[in-house]
file query.cif (mmCIF, C-alpha atoms)
data_data
#
loop_
_atom_site.group_PDB
_atom_site.id
_atom_site.type_symbol
_atom_site.label_atom_id
_atom_site.label_comp_id
_atom_site.auth_asym_id
_atom_site.auth_seq_id
_atom_site.Cartn_x
_atom_site.Cartn_y
_atom_site.Cartn_z
ATOM 1 C CA MET A 1 25.198 22.642 17.176
ATOM 2 C CA ASN A 2 27.494 20.883 14.749
ATOM 3 C CA GLU A 3 26.684 19.537 11.284
ATOM 4 C CA PHE A 4 26.250 15.927 12.433
ATOM 5 C CA GLU A 5 23.882 16.985 15.215
ATOM 6 C CA LEU A 6 21.789 18.956 12.742
ATOM 7 C CA TYR A 7 21.800 16.048 10.298
ATOM 8 C CA THR A 8 20.703 13.700 13.082
ATOM 9 C CA MET A 9 17.897 16.019 14.188
ATOM 10 C CA MET A 10 16.707 16.272 10.596
ATOM 11 C CA PHE A 11 16.727 12.455 10.401
ATOM 12 C CA PHE A 12 14.762 12.158 13.676
ATOM 13 C CA TRP A 13 12.197 14.691 12.408
ATOM 14 C CA ILE A 14 11.629 12.881 9.104
ATOM 15 C CA ASP A 15 11.641 9.442 10.708
ATOM 16 C CA ASN A 16 9.048 10.527 13.268
ATOM 17 C CA TYR A 17 6.836 12.278 10.711
ATOM 18 C CA TYR A 18 6.765 9.264 8.389
ATOM 19 C CA ALA A 19 6.757 6.580 11.119
ATOM 20 C CA ASP A 20 3.595 4.969 9.736
ATOM 21 C CA SER A 21 4.415 5.407 6.061
ATOM 22 C CA THR A 22 3.993 2.480 3.700
ATOM 23 C CA ASP A 23 5.662 4.360 0.846
ATOM 24 C CA ASP A 24 8.723 2.310 -0.092
ATOM 25 C CA ARG A 25 10.587 5.326 -1.451
ATOM 26 C CA ILE A 26 10.151 7.283 1.784
ATOM 27 C CA ASN A 27 11.111 4.279 3.895
ATOM 28 C CA ASN A 28 14.171 3.667 1.702
ATOM 29 C CA LEU A 29 15.224 7.300 2.074
ATOM 30 C CA ILE A 30 14.891 7.100 5.855
ATOM 31 C CA GLY A 31 16.960 3.927 5.895
ATOM 32 C CA GLU A 32 19.640 5.429 3.677
ATOM 33 C CA MET A 33 19.794 8.644 5.724
ATOM 34 C CA ASN A 34 20.139 6.745 9.023
ATOM 35 C CA PRO A 35 23.083 8.260 10.929
ATOM 36 C CA PHE A 36 23.300 5.315 13.340
ATOM 37 C CA TRP A 37 23.930 2.495 10.855
ATOM 38 C CA TRP A 38 27.733 2.751 11.077
ATOM 39 C CA GLN A 39 29.943 3.605 14.035
ATOM 40 C CA ASP A 40 31.590 6.533 12.290
ATOM 41 C CA ILE A 41 29.999 9.874 11.553
ATOM 42 C CA GLY A 42 27.875 9.691 8.437
ATOM 43 C CA SER A 43 24.800 7.961 7.093
ATOM 44 C CA ALA A 44 23.908 4.429 6.010
ATOM 45 C CA ASP A 45 24.379 5.613 2.429
ATOM 46 C CA PRO A 46 27.361 7.962 2.802
ATOM 47 C CA ALA A 47 26.191 10.104 -0.117
ATOM 48 C CA TYR A 48 23.371 11.628 1.958
ATOM 49 C CA TYR A 49 25.625 12.872 4.725
ATOM 50 C CA ASP A 50 28.245 13.996 2.206
ATOM 51 C CA ASP A 51 25.609 16.001 0.304
ATOM 52 C CA PHE A 52 24.430 17.530 3.558
ATOM 53 C CA CYS A 53 27.975 18.508 4.550
ATOM 54 C CA ARG A 54 28.492 20.206 1.193
ATOM 55 C CA PHE A 55 25.184 22.037 1.677
ATOM 56 C CA VAL A 56 26.099 23.423 5.123
ATOM 57 C CA LYS A 57 29.780 24.029 4.390
ATOM 58 C CA GLY A 58 30.698 27.562 5.394
ATOM 59 C CA LYS A 59 27.338 28.165 7.078
ATOM 60 C CA ASN A 60 27.115 28.990 10.756
ATOM 61 C CA ILE A 61 24.820 26.396 12.331
ATOM 62 C CA THR A 62 22.927 27.670 15.355
ATOM 63 C CA LEU A 63 19.897 26.488 17.227
ATOM 64 C CA ASP A 64 18.007 29.478 15.853
ATOM 65 C CA ASN A 65 18.730 28.780 12.169
ATOM 66 C CA SER A 66 18.859 24.969 12.342
ATOM 67 C CA LEU A 67 15.239 24.391 11.309
ATOM 68 C CA ASP A 68 15.580 26.646 8.273
ATOM 69 C CA LEU A 69 18.814 24.903 7.248
ATOM 70 C CA ALA A 70 17.101 21.507 7.571
ATOM 71 C CA LYS A 71 14.102 22.682 5.533
ATOM 72 C CA ASN A 72 16.324 24.061 2.795
ATOM 73 C CA PHE A 73 18.455 20.939 2.599
ATOM 74 C CA ILE A 74 15.419 18.655 2.377
ATOM 75 C CA LYS A 75 14.301 20.598 -0.694
ATOM 76 C CA THR A 76 17.503 19.477 -2.467
ATOM 77 C CA ILE A 77 16.764 15.745 -2.178
ATOM 78 C CA ASP A 78 15.677 14.480 -5.586
ATOM 79 C CA TYR A 79 15.005 10.838 -4.688
ATOM 80 C CA VAL A 80 11.668 11.472 -2.976
ATOM 81 C CA ASP A 81 9.880 14.588 -1.753
ATOM 82 C CA VAL A 82 9.752 14.672 2.058
ATOM 83 C CA THR A 83 9.330 18.429 2.384
ATOM 84 C CA GLU A 84 5.860 17.831 3.832
ATOM 85 C CA ALA A 85 7.497 16.846 7.130
ATOM 86 C CA PHE A 86 8.792 20.398 7.469
ATOM 87 C CA GLU A 87 5.958 22.434 5.921
ATOM 88 C CA GLU A 88 4.083 23.197 9.109
ATOM 89 C CA SER A 89 6.838 22.374 11.551
ATOM 90 C CA ASP A 90 6.536 23.668 15.065
ATOM 91 C CA TYR A 91 9.658 25.745 15.740
ATOM 92 C CA ASP A 92 9.324 25.384 19.514
ATOM 93 C CA LYS A 93 9.007 21.605 19.242
ATOM 94 C CA TRP A 94 12.085 21.513 16.971
ATOM 95 C CA LYS A 95 14.089 23.789 19.263
ATOM 96 C CA ASN A 96 13.150 21.848 22.398
ATOM 97 C CA GLY A 97 14.031 18.562 20.687
ATOM 98 C CA CYS A 98 17.417 19.974 19.709
ATOM 99 C CA LYS A 99 18.060 21.163 23.256
ATOM 100 C CA ARG A 100 17.204 17.756 24.724
ATOM 101 C CA TYR A 101 19.386 15.948 22.172
ATOM 102 C CA ILE A 102 22.382 18.219 22.652
ATOM 103 C CA ALA A 103 22.131 18.014 26.447
ATOM 104 C CA GLU A 104 22.625 14.219 26.376
ATOM 105 C CA GLU A 105 25.676 12.182 25.452
ATOM 106 C CA HIS A 106 25.331 11.341 21.779
ATOM 107 C CA LYS A 107 27.216 10.185 18.735
ATOM 108 C CA GLY A 108 28.999 13.057 17.051
ATOM 109 C CA GLY A 109 29.073 15.500 19.931
ATOM 110 C CA GLU A 110 29.554 16.154 23.587
ATOM 111 C CA ALA A 111 26.652 16.722 25.930
ATOM 112 C CA ARG A 112 26.355 20.421 26.626
ATOM 113 C CA GLU A 113 23.902 23.069 27.668
ATOM 114 C CA ILE A 114 22.565 25.585 25.207
#
call {"tool": "encode", "arguments": {"input": "query.cif", "output": "C-alpha coordinates"}}
result
Amino acid sequence: MNEFELYTMMFFWIDNYYADSTDDRINNLIGEMNPFWWQDIGSADPAYYDDFCRFVKGKNITLDNSLDLAKNFIKTIDYVDVTEAFEESDYDKWKNGCKRYIAEEHKGGEAREI
(Lines of atoms letter the chains of each structure in order from A and count residues from 1; the text may use other names and numbers.)
(Lines give C-alpha, C1' and ligand atoms only; values in the text may rest on other atoms or scores of the structure.)
Protein backbone atom coordinates (compact mmCIF):
# COMPACT_ATOMS: atom_id res chain seq x y z
CA MET A 1 0.00 0.00 0.00
CA ASN A 2 1.45 3.37 -0.91
CA GLU A 3 0.90 6.72 0.80
CA PHE A 4 -1.72 7.93 -1.70
CA GLU A 5 -3.70 4.70 -1.36
CA LEU A 6 -3.68 5.04 2.42
CA TYR A 7 -4.69 8.70 2.17
CA THR A 8 -7.53 7.76 -0.18
CA MET A 9 -8.76 4.99 2.12
CA MET A 10 -8.71 7.40 5.04
CA PHE A 11 -10.75 9.86 2.95
CA PHE A 12 -13.27 7.14 1.99
CA TRP A 13 -13.62 6.13 5.66
CA ILE A 14 -14.27 9.68 6.87
CA ASP A 15 -16.54 10.52 3.95
CA ASN A 16 -18.63 7.40 4.57
CA TYR A 17 -18.82 7.92 8.33
CA TYR A 18 -19.98 11.53 8.00
CA ALA A 19 -22.12 11.04 4.86
CA ASP A 20 -25.20 12.50 6.56
CA SER A 21 -23.42 15.24 8.48
CA THR A 22 -24.80 18.76 8.42
CA ASP A 23 -21.74 20.14 10.21
CA ASP A 24 -20.20 22.67 7.82
CA ARG A 25 -16.72 22.24 9.28
CA ILE A 26 -16.77 18.47 8.77
CA ASN A 27 -18.17 18.82 5.26
CA ASN A 28 -15.53 21.45 4.43
CA LEU A 29 -12.78 19.16 5.70
CA ILE A 30 -14.07 16.29 3.57
CA GLY A 31 -14.17 18.55 0.54
CA GLU A 32 -10.67 19.86 1.16
CA MET A 33 -9.27 16.35 1.72
CA ASN A 34 -10.83 15.01 -1.49
CA PRO A 35 -8.11 13.15 -3.42
CA PHE A 36 -10.14 13.10 -6.64
CA TRP A 37 -10.59 16.85 -7.18
CA TRP A 38 -7.47 17.21 -9.34
CA GLN A 39 -5.94 14.81 -11.84
CA ASP A 40 -2.59 14.69 -10.08
CA ILE A 41 -1.85 12.95 -6.82
CA GLY A 42 -2.89 15.09 -3.89
CA SER A 43 -5.98 16.62 -2.34
CA ALA A 44 -8.37 19.43 -3.23
CA ASP A 45 -6.48 21.58 -0.73
CA PRO A 46 -2.89 20.41 -1.30
CA ALA A 47 -1.94 21.17 2.31
CA TYR A 48 -3.86 18.12 3.59
CA TYR A 49 -2.04 15.64 1.40
CA ASP A 50 1.28 17.39 2.01
CA ASP A 51 0.74 17.17 5.79
CA PHE A 52 -0.14 13.51 5.44
CA CYS A 53 2.99 12.80 3.40
CA ARG A 54 5.15 14.47 6.03
CA PHE A 55 3.39 12.38 8.70
CA VAL A 56 4.06 9.04 6.96
CA LYS A 57 7.51 9.91 5.63
CA GLY A 58 9.95 7.17 6.55
CA LYS A 59 7.19 4.88 7.84
CA ASN A 60 6.58 1.49 6.30
CA ILE A 61 2.94 1.42 5.20
CA THR A 62 1.40 -2.04 5.26
CA LEU A 63 -2.13 -3.33 5.22
CA ASP A 64 -1.66 -4.42 8.83
CA ASN A 65 -0.58 -1.01 10.16
CA SER A 66 -2.62 1.18 7.79
CA LEU A 67 -5.58 1.67 10.14
CA ASP A 68 -3.33 2.73 13.01
CA LEU A 69 -1.46 5.17 10.75
CA ALA A 70 -4.78 6.66 9.59
CA LYS A 71 -6.03 6.98 13.18
CA ASN A 72 -2.84 8.67 14.29
CA PHE A 73 -2.81 11.10 11.39
CA ILE A 74 -6.44 12.10 11.95
CA LYS A 75 -5.52 13.10 15.50
CA THR A 76 -3.15 15.74 14.05
CA ILE A 77 -5.87 17.64 12.16
CA ASP A 78 -6.61 20.85 14.04
CA TYR A 79 -9.37 22.23 11.81
CA VAL A 80 -12.10 19.91 13.09
CA ASP A 81 -12.11 16.75 15.19
CA VAL A 82 -13.08 13.72 13.09
CA THR A 83 -11.43 11.12 15.30
CA GLU A 84 -14.88 9.72 16.10
CA ALA A 85 -14.91 8.06 12.67
CA PHE A 86 -12.00 5.89 13.78
CA GLU A 87 -12.77 5.34 17.48
CA GLU A 88 -14.61 2.06 17.13
CA SER A 89 -13.46 1.17 13.65
CA ASP A 90 -13.83 -2.39 12.52
CA TYR A 91 -10.36 -3.60 11.53
CA ASP A 92 -11.73 -6.37 9.31
CA LYS A 93 -14.00 -3.93 7.48
CA TRP A 94 -11.05 -1.55 6.99
CA LYS A 95 -8.75 -4.34 5.81
CA ASN A 96 -11.32 -5.77 3.40
CA GLY A 97 -12.02 -2.30 2.00
CA CYS A 98 -8.30 -1.77 1.45
CA LYS A 99 -7.98 -5.13 -0.31
CA ARG A 100 -10.90 -4.36 -2.63
CA TYR A 101 -9.54 -0.89 -3.43
CA ILE A 102 -6.01 -2.09 -4.13
CA ALA A 103 -7.24 -4.95 -6.31
CA GLU A 104 -8.92 -2.51 -8.74
CA GLU A 105 -7.38 -0.01 -11.12
CA HIS A 106 -7.23 3.28 -9.26
CA LYS A 107 -5.63 6.69 -9.23
CA GLY A 108 -2.22 6.58 -7.62
CA GLY A 109 -1.51 2.89 -7.94
CA GLU A 110 -1.64 -0.25 -9.97
CA ALA A 111 -4.21 -2.94 -9.35
CA ARG A 112 -2.58 -5.77 -7.45
CA GLU A 113 -3.33 -8.63 -5.13
CA ILE A 114 -2.42 -8.49 -1.48
call {"tool": "closest_residue", "arguments": {"input": "query.cif", "among": "A:Tyr79, A:Ser66, A:Ile61, A:Tyr101", "to": "Asn27 of chain A", "atoms": "all atoms listed in the file"}}
result
A:Tyr79
call {"tool": "atom_distance", "arguments": {"input": "query.cif", "atom1": "atom CA of Gly109 of chain A", "atom2": "atom CA of Tyr7 of chain A"}}
result
12.1 Å
call {"tool": "atom_distance", "arguments": {"input": "query.cif", "atom1": "atom CA of Glu5 of chain A", "atom2": "atom CA of Ile102 of chain A"}}
result
7.7 Å
call {"tool": "closest_residue", "arguments": {"input": "query.cif", "among": "A:Leu29, A:Leu6, A:Met1, A:Ile14", "to": "Ile77 of chain A", "atoms": "all atoms listed in the file"}}
result
A:Leu29
call {"tool": "closest_residue", "arguments": {"input": "query.cif", "among": "A:Met9, A:Ile26, A:Leu67, A:Met33", "to": "Tyr49 of chain A", "atoms": "all atoms listed in the file"}}
result
A:Met33
call {"tool": "resolve_selection", "arguments": {"input": "query.cif", "expression": "the PyMOL selection byres ((chain A and resi 88-94) around 10)", "output": "list in words"}}
result
Met9, Met10, Trp13, Leu63, Asp64, Ser66, Leu67, Asp68, Lys71, Thr83, Glu84, Ala85, Phe86, Glu87, Lys95, Asn96, Gly97, Cys98 and Lys99 of chain A
call {"tool": "atom_distance", "arguments": {"input": "query.cif", "atom1": "atom CA of Asn65 of chain A", "atom2": "atom CA of Asp78 of chain A"}}
result
23.0 Å
call {"tool": "residues_around", "arguments": {"input": "query.cif", "residues": "Pro35 of chain A", "least_positions_apart": "4", "cutoff": "8 Å", "atoms": "only C-alpha atoms", "output": "number ranges by chain"}}
result
A: 7-8, 11, 41-44
call {"tool": "closest_residue", "arguments": {"input": "query.cif", "among": "A:Gly58, A:Gly31, A:Gly108, A:Pro46", "to": "Ala19 of chain A", "atoms": "all atoms listed in the file"}}
result
A:Gly31
call {"tool": "closest_residue", "arguments": {"input": "query.cif", "among": "A:Asn2, A:Tyr17, A:Ile30, A:Asp40", "to": "Thr62 of chain A", "atoms": "all atoms listed in the file"}}
result
A:Asn2
call {"tool": "closest_residue", "arguments": {"input": "query.cif", "among": "A:Gln39, A:Ser21, A:His106, A:Glu3", "to": "Asp51 of chain A", "atoms": "all atoms listed in the file"}}
result
A:Glu3
call {"tool": "axis_aligned_box", "arguments": {"input": "query.cif", "around": "segment 28-42 of chain A", "padding_each_side": "5 Å", "output": "lines of an AutoDock Vina configuration file"}}
result
center_x = 22.9
center_y = 6.2
center_z = 7.9
size_x = 27.4
size_y = 17.4
size_z = 22.3
